[in-house]
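S.K.: Sending over input_18.txt (compact mmCIF, C-alpha atoms).
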```
# COMPACT_ATOMS: atom_id res chain seq x y z
CA MET A 1 61.98 114.07 112.26
CA SER A 2 59.97 115.75 109.52
CA TYR A 3 60.96 119.12 108.21
CA THR A 4 58.75 121.85 106.84
CA VAL A 5 60.30 124.34 104.48
CA GLY A 6 60.38 127.75 106.06
CA GLN A 7 61.06 126.44 109.54
CA PRO A 8 64.53 126.66 111.07
CA LEU A 9 66.26 123.61 109.70
CA GLY A 10 69.08 123.32 112.21
CA ARG A 11 67.11 121.19 114.67
CA ALA A 12 65.93 118.94 111.86
CA LEU A 13 69.52 118.56 110.67
CA LEU A 14 70.59 117.44 114.14
CA SER A 15 68.24 114.47 113.91
CA HIS A 16 70.42 113.19 111.05
CA ALA A 17 73.74 113.74 112.83
CA ASP A 18 74.22 110.06 113.72
CA ALA A 19 73.54 108.91 110.17
CA ALA A 20 75.80 111.62 108.74
CA TYR A 21 78.57 110.62 111.15
CA ALA A 22 78.28 106.92 110.25
CA TYR A 23 78.56 107.83 106.57
CA ALA A 24 81.43 110.25 107.21
CA LEU A 25 83.28 107.60 109.19
CA ARG A 26 83.10 105.21 106.26
CA LEU A 27 84.27 107.92 103.89
CA THR A 28 87.22 109.16 105.91
CA ARG A 29 88.03 105.92 107.76
CA ARG A 30 89.26 107.93 110.76
CA PRO A 31 87.00 109.07 113.61
CA SER A 32 88.75 112.41 114.03
CA ASP A 33 88.41 113.14 110.30
CA ALA A 34 84.76 112.05 110.40
CA ASP A 35 84.17 114.55 113.22
CA ASP A 36 85.69 117.32 111.16
CA LEU A 37 83.83 116.33 108.02
CA VAL A 38 80.46 116.39 109.79
CA GLN A 39 81.25 119.74 111.40
CA GLU A 40 82.26 121.24 108.08
CA SER A 41 79.18 119.80 106.42
CA PHE A 42 76.87 121.22 109.08
CA ALA A 43 78.56 124.58 108.72
CA ARG A 44 77.91 124.52 104.99
CA ALA A 45 74.36 123.26 105.45
CA LEU A 46 73.52 125.98 107.98
CA ALA A 47 75.06 128.64 105.78
CA GLY A 48 73.21 127.35 102.74
CA ALA A 49 69.90 126.61 104.42
CA ALA A 50 68.10 128.96 102.07
CA GLY A 51 69.20 126.71 99.24
CA PHE A 52 67.16 123.79 100.50
CA ARG A 53 63.88 123.82 98.65
CA ASP A 54 62.11 120.53 98.83
CA GLY A 55 62.55 116.82 99.16
CA SER A 56 64.52 114.88 101.70
CA LEU A 57 66.51 116.96 104.16
CA LYS A 58 68.58 113.89 105.00
CA ALA A 59 69.49 113.37 101.35
CA TRP A 60 70.38 117.06 101.07
CA LEU A 61 72.67 116.76 104.10
CA PHE A 62 74.29 113.58 102.76
CA ARG A 63 74.95 115.32 99.47
CA ILE A 64 76.71 118.12 101.33
CA VAL A 65 78.73 115.57 103.32
CA ARG A 66 79.82 113.80 100.14
CA ASN A 67 80.62 117.00 98.27
CA THR A 68 82.52 118.34 101.25
CA TYR A 69 84.49 115.12 101.48
CA ILE A 70 85.39 115.23 97.81
CA ASP A 71 86.24 118.91 98.08
CA LEU A 72 88.44 118.59 101.16
CA HIS A 73 89.81 115.11 100.72
CA HIS A 74 91.18 115.79 97.30
CA ARG A 75 92.30 119.32 97.98
CA GLY A 76 95.87 119.61 96.85
CA ALA A 77 96.01 116.03 95.75
CA PRO A 78 95.18 114.51 92.43
CA ARG A 79 91.94 112.65 92.46
CA PRO A 80 92.58 108.94 92.29
CA GLU A 81 91.67 107.12 89.16
CA ALA A 82 88.05 106.20 89.00
CA GLU A 83 87.31 102.58 89.70
CA PRO A 84 87.31 100.61 86.48
CA VAL A 85 83.79 100.07 85.36
CA ASP A 86 82.71 96.58 86.27
CA ILE A 87 81.07 94.69 83.50
CA ILE A 88 78.16 92.92 85.06
CA ASP A 89 78.65 89.79 83.00
CA ASP A 90 82.22 89.59 84.24
CA ALA A 91 81.29 90.25 87.83
CA PRO A 92 82.56 87.59 90.16
CA LEU A 93 80.02 84.91 90.81
CA PHE A 94 80.13 82.71 93.81
CA GLN A 95 80.92 79.46 92.15
CA ASP A 96 79.51 76.95 94.56
CA ASP A 97 77.31 76.56 97.56
CA LEU A 98 80.31 76.51 99.87
CA GLU A 99 81.31 80.03 98.80
CA LEU A 100 77.74 81.20 99.18
CA ASP A 101 77.64 79.68 102.63
CA ARG A 102 80.82 81.54 103.52
CA LEU A 103 79.32 84.80 102.28
CA ARG A 104 76.34 84.19 104.53
CA ARG A 105 78.72 83.95 107.46
CA VAL A 106 80.60 87.16 106.70
CA VAL A 107 80.86 89.21 109.84
CA ALA A 108 80.53 92.97 110.12
CA GLU A 109 84.31 93.42 110.35
CA ASP A 110 84.77 91.63 107.02
CA ILE A 111 82.23 93.75 105.23
CA GLU A 112 83.67 96.92 106.79
CA ALA A 113 87.08 95.93 105.47
CA ALA A 114 85.73 95.06 102.02
CA LEU A 115 83.84 98.38 101.85
CA ARG A 116 87.03 100.25 102.67
CA GLU A 117 88.67 98.74 99.62
CA LEU A 118 86.02 100.11 97.26
CA THR A 119 86.28 103.47 95.61
CA GLU A 120 84.43 106.33 97.23
CA GLU A 121 81.80 106.20 94.49
CA SER A 122 81.04 102.51 94.92
CA ARG A 123 81.12 102.77 98.70
CA SER A 124 78.79 105.75 98.69
CA ILE A 125 76.17 104.31 96.38
CA ILE A 126 76.01 101.12 98.46
CA LEU A 127 75.66 103.12 101.67
CA PHE A 128 73.01 105.40 100.14
CA ASP A 129 71.02 102.34 99.11
CA LEU A 130 71.44 100.95 102.61
CA GLU A 131 70.12 104.23 104.04
CA GLY A 132 66.95 103.69 102.04
CA PHE A 133 67.29 106.65 99.70
CA THR A 134 65.13 106.47 96.58
CA GLU A 135 66.67 106.15 93.13
CA THR A 136 65.91 109.81 92.48
CA GLU A 137 67.62 110.80 95.71
CA VAL A 138 70.62 108.60 94.97
CA ALA A 139 70.86 110.16 91.51
CA GLY A 140 70.94 113.59 93.14
CA LEU A 141 73.54 112.44 95.65
CA MET A 142 75.77 110.88 93.03
CA GLY A 143 75.23 113.58 90.41
CA CYS A 144 74.10 111.09 87.79
CA ALA A 145 70.99 110.35 85.77
CA VAL A 146 68.22 108.44 87.53
CA GLY A 147 68.36 105.82 84.80
CA THR A 148 71.96 104.91 85.62
CA VAL A 149 71.52 104.42 89.36
CA LYS A 150 70.56 100.75 89.12
CA SER A 151 73.47 99.77 86.93
CA ARG A 152 75.94 101.78 89.06
CA LEU A 153 74.62 100.14 92.18
CA ALA A 154 74.78 96.70 90.59
CA ARG A 155 78.42 97.34 89.60
CA ALA A 156 79.28 98.54 93.07
CA ARG A 157 77.67 95.51 94.69
CA ALA A 158 79.45 93.22 92.25
CA ALA A 159 82.72 94.90 93.18
CA LEU A 160 81.91 94.44 96.86
CA ARG A 161 81.15 90.77 96.36
CA GLY A 162 84.46 90.48 94.56
CA LYS A 163 86.29 92.07 97.49
CA LEU A 164 84.43 89.87 99.94
CA GLN A 165 85.72 86.75 98.25
CA ASP A 166 89.07 87.60 99.83
CA TYR A 167 87.46 87.48 103.26
CA VAL A 168 85.38 84.34 102.93
CA ARG A 169 88.06 81.87 101.85
CA MET B 1 64.21 88.80 79.92
CA ASP B 2 67.80 87.54 79.64
CA CYS B 3 70.74 87.55 82.08
CA ARG B 4 71.83 91.05 81.11
CA ASP B 5 68.35 92.42 81.84
CA THR B 6 67.90 90.39 84.98
CA ARG B 7 71.13 90.91 86.89
CA PRO B 8 70.80 94.67 87.53
CA LEU B 9 67.39 93.92 89.06
CA LEU B 10 68.49 91.15 91.41
CA ALA B 11 69.44 93.46 94.27
CA ASP B 12 66.04 95.16 94.14
CA HIS B 13 64.41 91.75 93.84
CA ALA B 14 66.22 90.59 96.95
CA ALA B 15 65.12 93.74 98.75
CA GLY B 16 61.51 93.36 97.57
CA LYS B 17 61.61 96.67 95.74
CA LEU B 18 60.36 95.48 92.34
CA ASP B 19 56.79 95.87 91.16
CA GLU B 20 54.70 92.79 90.38
CA VAL B 21 55.43 92.76 86.67
CA ARG B 22 59.20 92.91 87.05
CA THR B 23 59.14 90.51 89.99
CA ALA B 24 57.33 87.97 87.83
CA ALA B 25 59.76 88.49 84.94
CA VAL B 26 62.81 88.10 87.16
CA GLU B 27 61.43 84.99 88.81
CA ALA B 28 60.57 83.47 85.44
CA HIS B 29 64.16 83.96 84.32
CA LEU B 30 65.56 82.61 87.58
CA GLN B 31 63.66 79.36 87.15
CA GLY B 32 65.69 78.50 84.08
CA CYS B 33 69.08 80.08 84.86
CA ALA B 34 71.35 78.48 87.44
CA ASP B 35 73.96 81.28 87.22
CA CYS B 36 71.39 83.98 87.97
CA GLN B 37 69.93 81.83 90.76
CA ARG B 38 73.36 81.70 92.35
CA LEU B 39 73.78 85.43 91.87
CA ALA B 40 70.35 86.06 93.39
CA ALA B 41 71.35 83.98 96.39
CA SER B 42 74.54 85.98 96.74
CA GLU B 43 72.51 89.20 96.58
CA ASP B 44 70.40 87.89 99.46
CA ALA B 45 73.53 87.03 101.40
CA LEU B 46 75.07 90.42 100.64
CA ASN B 47 71.95 92.22 101.85
CA ALA B 48 72.05 90.20 105.05
CA ALA B 49 75.74 91.01 105.53
CA LEU B 50 75.17 94.73 104.91
CA ALA B 51 72.34 94.67 107.43
CA ARG B 52 74.89 93.53 110.02
CA LEU B 53 77.00 96.66 109.58
CA PRO B 54 77.11 98.62 112.83
CA ARG B 55 75.99 102.25 112.87
CA PRO B 56 78.33 104.05 115.23
CA PRO B 57 76.55 107.05 116.73
CA ALA B 58 78.03 110.53 116.61
CA PRO B 59 80.27 111.05 119.65
CA ALA B 60 78.81 113.20 122.40
CA ARG B 61 81.37 115.94 121.93
CA LEU B 62 80.57 116.19 118.21
CA THR B 63 76.84 116.33 118.90
CA ALA B 64 77.48 119.09 121.44
CA ARG B 65 79.46 121.10 118.90
CA LEU B 66 76.76 120.67 116.27
CA GLU B 67 74.15 121.83 118.76
CA ASP B 68 76.25 124.90 119.41
CA MET B 69 76.53 125.59 115.70
CA VAL B 70 72.77 125.23 115.24
CA ALA B 71 72.11 127.48 118.21
CA ALA B 72 74.48 130.08 116.80
CA ALA B 73 72.81 129.90 113.39
CA GLU B 74 69.29 130.21 114.80
CA LYS B 75 69.98 132.78 117.50
CA PRO B 76 73.00 134.74 116.36
CA GLU B 77 72.26 137.60 118.69
CA ARG B 78 72.86 135.47 121.75
CA VAL B 79 76.53 135.59 122.39
CA ARG B 80 78.70 133.85 124.93
CA ALA B 81 81.04 130.94 125.13
CA ARG B 82 79.78 127.60 126.32
CA ARG B 83 82.46 125.09 125.72
CA ALA B 84 86.18 124.84 125.59
CA PRO B 85 87.67 125.78 122.25
CA PHE B 86 87.76 122.85 119.94
CA ARG B 87 90.93 121.77 118.26
CA ALA B 88 92.08 123.28 115.02
CA SER B 89 92.08 120.77 112.25
CA THR B 90 93.60 120.42 108.87
CA TRP B 91 90.18 119.32 107.71
CA LEU B 92 88.31 122.44 108.63
CA THR B 93 88.16 125.31 106.24
CA PRO B 94 88.32 128.87 107.50
CA PHE B 95 84.62 129.01 106.73
CA ALA B 96 83.75 126.15 109.02
CA SER B 97 86.14 127.44 111.64
CA ALA B 98 84.34 130.76 111.56
CA CYS B 99 80.99 129.03 111.93
CA VAL B 100 82.23 126.97 114.83
CA ALA B 101 83.83 129.98 116.40
CA ALA B 102 80.50 131.75 116.12
CA ALA B 103 78.85 128.74 117.69
CA LEU B 104 81.28 128.85 120.53
CA VAL B 105 80.21 132.35 121.40
CA VAL B 106 76.58 131.45 121.77
CA VAL B 107 75.02 132.83 124.90
CA VAL B 108 74.75 130.38 127.64
CA THR B 109 71.44 130.74 129.23
CA ARG B 110 72.70 127.94 131.42
CA ALA B 111 75.68 129.97 132.52
CA THR B 112 75.03 129.02 136.08
CA THR B 113 75.23 125.30 135.47
CA PRO B 114 78.48 123.50 136.28
CA ALA B 115 81.13 123.43 133.60
CA GLY B 116 81.40 120.33 131.49
CA PRO B 117 78.89 117.61 130.75
CA GLY B 118 76.99 115.82 133.49
CA PRO B 119 77.94 112.48 134.99
CA GLY B 120 75.76 110.48 132.61
CA ALA B 121 77.50 112.15 129.71
CA LEU B 122 80.86 110.76 130.84
CA VAL B 123 79.51 107.23 130.66
CA THR B 124 77.96 107.89 127.24
CA GLU B 125 81.18 109.46 125.98
CA ALA B 126 83.26 106.54 127.27
CA VAL B 127 81.07 104.00 125.45
CA ASN B 128 81.04 106.08 122.27
CA ASP B 129 84.82 106.41 122.37
CA HIS B 130 85.20 102.66 122.91
CA LEU B 131 82.92 101.99 119.92
CA ARG B 132 84.89 104.45 117.83
CA VAL B 133 88.11 102.66 118.71
CA VAL B 134 86.81 99.18 117.95
CA THR B 135 85.19 100.26 114.68
CA SER B 136 88.16 102.33 113.60
CA THR B 137 90.20 101.10 110.68
CA ARG B 138 93.33 102.15 112.55
CA PRO B 139 92.48 101.66 116.20
CA ILE B 140 96.12 101.32 117.17
CA GLU B 141 98.70 103.89 116.14
CA ILE B 142 101.54 102.38 118.15
CA GLU B 143 101.73 98.60 118.34
CA SER B 144 102.61 97.33 121.74
CA GLY B 145 105.95 95.86 122.60
CA GLY B 146 105.09 96.62 126.23
CA ILE B 147 104.13 99.71 128.18
CA HIS B 148 107.67 101.06 127.94
CA GLN B 149 107.24 101.25 124.20
CA VAL B 150 103.71 102.64 124.24
CA LYS B 151 104.06 105.34 126.90
CA PRO B 152 107.00 107.21 125.36
CA TRP B 153 105.08 107.36 122.10
CA PHE B 154 102.60 109.74 123.76
CA THR B 155 105.35 112.22 124.62
CA GLY B 156 104.88 115.33 122.54
CA ARG B 157 101.44 114.19 121.45
CA LEU B 158 99.70 115.06 124.73
CA GLU B 159 99.88 117.92 127.20
CA PHE B 160 100.07 115.44 130.07
CA ALA B 161 101.81 112.17 130.87
CA PRO B 162 99.36 109.28 131.21
CA ARG B 163 100.21 107.34 134.36
CA VAL B 164 99.81 103.69 133.39
CA THR B 165 102.43 101.21 134.54
CA PHE B 166 100.63 97.94 133.78
CA SER B 167 102.40 96.32 130.83
CA GLY B 168 99.72 93.75 130.09
CA ASP B 169 99.90 90.05 130.90
CA ASP B 170 98.52 86.79 129.58
CA ASP B 171 95.03 87.60 130.85
CA PHE B 172 94.99 91.20 129.63
CA PRO B 173 97.56 91.63 126.83
CA LEU B 174 98.31 95.24 125.90
CA GLN B 175 97.65 95.72 122.17
CA GLY B 176 98.87 99.26 121.73
CA GLY B 177 97.84 102.88 121.97
CA SER B 178 96.56 105.88 120.08
CA ILE B 179 95.47 109.45 120.58
CA GLY B 180 91.76 110.10 121.06
CA TYR B 181 89.43 112.66 122.52
CA PHE B 182 87.34 112.48 125.64
CA VAL B 183 84.59 115.10 125.67
CA ASP B 184 86.58 118.21 124.77
CA ARG B 185 90.14 117.16 125.56
CA LYS B 186 92.81 114.91 124.21
CA ALA B 187 93.13 111.46 125.72
CA ALA B 188 95.66 108.68 125.72
CA VAL B 189 93.94 105.54 124.47
CA PHE B 190 95.29 102.14 125.51
CA GLN B 191 93.93 98.97 124.00
CA PHE B 192 93.90 95.75 126.03
CA LYS B 193 92.29 92.43 125.23
CA ARG B 194 90.52 89.83 127.31
CA ARG B 195 90.30 86.69 125.18
CA LEU B 196 88.52 88.03 122.07
CA HIS B 197 87.09 91.11 123.77
CA ALA B 198 88.50 94.58 123.22
CA ILE B 199 89.03 96.76 126.27
CA THR B 200 89.64 100.49 125.93
CA LEU B 201 91.36 102.56 128.59
CA LEU B 202 91.11 106.34 128.19
CA VAL B 203 93.35 108.59 130.27
CA PHE B 204 92.66 112.33 130.21
CA PRO B 205 92.84 115.49 132.34
CA ALA B 206 90.00 115.29 134.88
CA SER B 207 89.48 118.99 135.55
CA GLY B 208 86.15 120.53 134.68
CA LEU B 209 84.26 117.25 134.32
CA THR B 210 81.31 116.32 136.50
CA TRP B 211 81.98 112.83 137.82
CA PRO B 212 79.30 110.31 138.79
CA SER B 213 78.28 110.87 142.38
CA GLY B 214 76.76 107.42 142.94
CA PRO B 215 78.24 104.57 144.96
CA THR B 216 81.81 103.61 144.33
CA LYS B 217 83.77 100.44 144.86
CA GLN B 218 87.23 100.33 146.35
CA VAL B 219 89.57 98.68 143.89
CA GLY B 220 93.13 98.75 145.12
CA ARG B 221 93.88 102.20 146.43
CA LEU B 222 91.17 104.01 144.47
CA ALA B 223 87.39 104.41 144.62
CA ILE B 224 85.92 103.47 141.28
CA SER B 225 82.51 104.28 139.86
CA GLU B 226 80.88 101.24 138.25
CA ASN B 227 78.47 101.83 135.42
CA VAL B 228 76.61 99.75 132.84
CA SER B 229 75.33 101.27 129.61
CA ARG B 230 74.18 99.76 126.33
CA GLY B 231 75.55 96.38 127.35
CA PHE B 232 79.01 97.71 128.18
CA SER B 233 80.72 97.84 131.55
CA ILE B 234 82.32 101.19 132.31
CA LEU B 235 84.63 102.02 135.19
CA LEU B 236 85.45 105.65 135.91
CA TRP B 237 87.95 106.94 138.42
CA GLN B 238 90.27 109.83 139.17
CA ASP B 239 93.86 109.67 140.28
CA ASP B 240 95.16 113.11 141.16
CA SER B 241 94.60 115.34 138.15
CA LEU B 242 93.92 112.54 135.68
CA GLY B 243 90.69 110.80 134.84
CA TYR B 244 90.42 107.18 133.73
CA ALA B 245 87.65 105.43 131.82
CA LEU B 246 87.83 101.68 131.25
CA VAL B 247 85.21 100.28 128.86
CA SER B 248 84.46 96.86 127.45
CA ASP B 249 81.80 94.24 126.94
CA VAL B 250 83.59 91.89 129.31
CA ASN B 251 81.94 91.29 132.67
CA MET B 252 82.37 93.74 135.51
CA HIS B 253 84.54 91.37 137.51
CA ASP B 254 87.10 91.08 134.71
CA LEU B 255 87.11 94.83 134.25
CA GLU B 256 87.66 95.39 137.99
CA THR B 257 90.58 92.95 137.87
CA LEU B 258 92.18 94.97 135.08
CA ALA B 259 91.47 98.25 136.87
CA GLY B 260 93.23 96.84 139.93
CA LYS B 261 96.27 95.99 137.85
CA ILE B 262 96.28 99.43 136.22
CA ASN B 263 96.10 101.08 139.64
CA GLU B 264 98.94 99.11 141.18
CA PRO B 265 101.60 101.60 142.25
```
With the file now loaded, output its structure as structure tokens.
M.R.:
Amino acid sequence: MSYTVGQPLGRALLSHADAAYAYALRLTRRPSDADDLVQESFARALAGAAGFRDGSLKAWLFRIVRNTYIDLHHRGAPRPEAEPVDIIDDAPLFQDDLELDRLRRVVAEDIEAALRELTEESRSIILFDLEGFTETEVAGLMGCAVGTVKSRLARARAALRGKLQDYVR
Amino acid sequence: MDCRDTRPLLADHAAGKLDEVRTAAVEAHLQGCADCQRLAASEDALNAALARLPRPPAPARLTARLEDMVAAAEKPERVRARRAPFRASTWLTPFASACVAAALVVVVTRATTPAGPGPGALVTEAVNDHLRVVTSTRPIEIESGGIHQVKPWFTGRLEFAPRVTFSGDDDFPLQGGSIGYFVDRKAAVFQFKRRLHAITLLVFPASGLTWPSGPTKQVGRLAISENVSRGFSILLWQDDSLGYALVSDVNMHDLETLAGKINEP
């Protein structure tokens, strides 16, 4: 659903509810928490509708979902240590064709489990890429420079491949 | 272009996102680098695996709440309650609670319509809840050592006692239970299995819901509504004040067999 600035944006937001819920579910890992996160995010989006200027409404909503998650999830609790930065050259490589073949047979449950083991940042950037957001949009979502999106995504994917090795033995 | 330049581009290369110049450069490097070839193949495999991730839709009750919130935001002068109050949550801030509360006092132009969602919505909700259970990272909050271990666990967690006496058997082993929601109310969620298939049984207060009015089938002592939606079989029935929804991708015959066992006095 396209959105034109100046029009009521609530209806347009609703068209992204399924995508926002799927993302929220992978952030919170619990359906009831995902419900609450999406509700809170919609509340903030509706209250801050005047703040949406231009660009992708879906990306704007996802940014609110992520910020709300970080805000609420870490309220009263110390933020966990950031994931160690993966050095691309040290990223796990699949050493032989057998391991590659196993990766090709990874089922959705395996990749769900491997995603859950990633940090929120790595999980989010992979999911944003999967949603088809542009590099500029991902940079806005992650709060980083456009020029660092590729390397962050490459690190996150390398980390995911590393986690998946546990599931494809 | 060396390995360090190439590797950050392999994901985009696998996804076909690179322009012609960079595609040519990456492919030239790949021709002479076995390690990067292997990594490129793993990027392809990873993309394929990520494409297999399911996208669970927003549950019907969440969508309904969001619609209320949007309606309240767009037409704040229209005031009246539409739905039952939603549960308080540790996740919601006072701000969101206020927004939702405002949404819940939206005028109902459909005030004359029956309370609760229509019959089709019950089927949709049952399938969504089943999908939420099977995609949940913690689908079972109490592991089953039999129904006499699972049922007492619900005490104090629900405002009703779910009447389920079937303890599971070799054909339909009971996996465990958890608390869920059905439409706007809490539900006891029981997880059974049939070979490798997950079966979800939801038990919830039946009042205020509009039940399917189509043909029913007598299974044991109860008339059961049979439904098929999105490839899932769904059985819905009422027993006194409680509603039951049994959902799975097993065939209807297997599901009826389990419903018969659940309904045995």
S.K.: Report, in Å with one decimal, the straight-line distance from atom CA of B:Arg22 to atom CA of A:Ala159.
M.R.: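 Distance between the two atoms: 24.4 Å.
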S.K.: Could you state the separation of atom CA of B:Val134 and atom CA of B:Ala49 in Å, given to one decimal place?
M.R.: 18.5 Å
S.K.: Quick one, how far is atom CA of B:Gly16 from atom CA of B:Ala45?
M.R.: 14.1 Å
S.K.: Using all atoms listed in the file, which of A:Leu118, A:Ala45, A:Ala108, A:Val138 sits nearest chain B?
M.R.: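 The answer is A:Ala108, which sits nearest to chain B.
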S.K.: Could you check which of B:Ala223, B:Val70, B:Cys3, B:Ala161 is closest to chain A, using only C-alpha atoms?
M.R.: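 Counting only C-alpha atoms, the residue closest to chain A is B:Val70.
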S.K.: Using all atoms listed in the file, which of B:Gly243, B:Pro205, B:Ala198, B:Leu66 sits nearest B:Leu255?
M.R.: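 Of the candidates, the smallest distance to B:Leu255 is held by B:Ala198.
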S.K.: Considering only C-alpha atoms, state which residue in the set B:Gly180, B:Gly32, B:Pro173, B:Pro57 is at the smallest distance from B:Arg195.
M.R.: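 Residue with the minimum atom-to-atom distance to B:Arg195: B:Pro173.
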S.K.: Hey, what's within 8 Å of B:Ala206 if we count only C-alpha atoms and toss same-chain stuff fewer than 3 positions away? As an NGL selection string, please?
M.R.: :B and (209 or 238 or 241-243)
S.K.: Could you tell me which of A:Ile111, A:Ile64, A:Ala156, A:Ala145 comes closest to chain B if we count only C-alpha atoms?
M.R.: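 Comparing A:Ile111, A:Ile64, A:Ala156, A:Ala145 against chain B, the winner is A:Ile111.
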S.K.: Give the answer as one residue: which of A:Leu127, A:Leu141, A:Val106, A:Ala12 has the shortest atom-to-atom distance to A:Val65, using only C-alpha atoms?
M.R.: A:Leu141
S.K.: May I have the residues within 10 Å of B:Asn227 as a list of chain:residue names, using all atoms listed in the file and disregarding those fewer than 4 positions away in the same chain?
M.R.: B:Gly120, B:Val123, B:Pro212, B:Gly214, B:Pro215, B:Thr216, B:Phe232, B:Ser233, B:Ile234, B:Leu235, B:Leu236, B:Val247, B:Met252
S.K.: Show me, as JSON, the centre and edge lengths in Å to one decimal of the axis-aligned box that covers every listed atom of stretch 142-153 of chain A with 4 Å on each side.
M.R.:
```
{"center_x": 72.1, "center_y": 106.7, "center_z": 88.9, "size_x": 15.7, "size_y": 21.8, "size_z": 16.2}
```
S.K.: Excluding A:Gly143 and any residue of its chain fewer than 6 positions from it, enumerate the residues within 12 Å of it, using all atoms listed in the file, and give them as a PyMOL selection string.
M.R.: chain A and resi 63-64+66-67+121+124-125+135-137+149+152
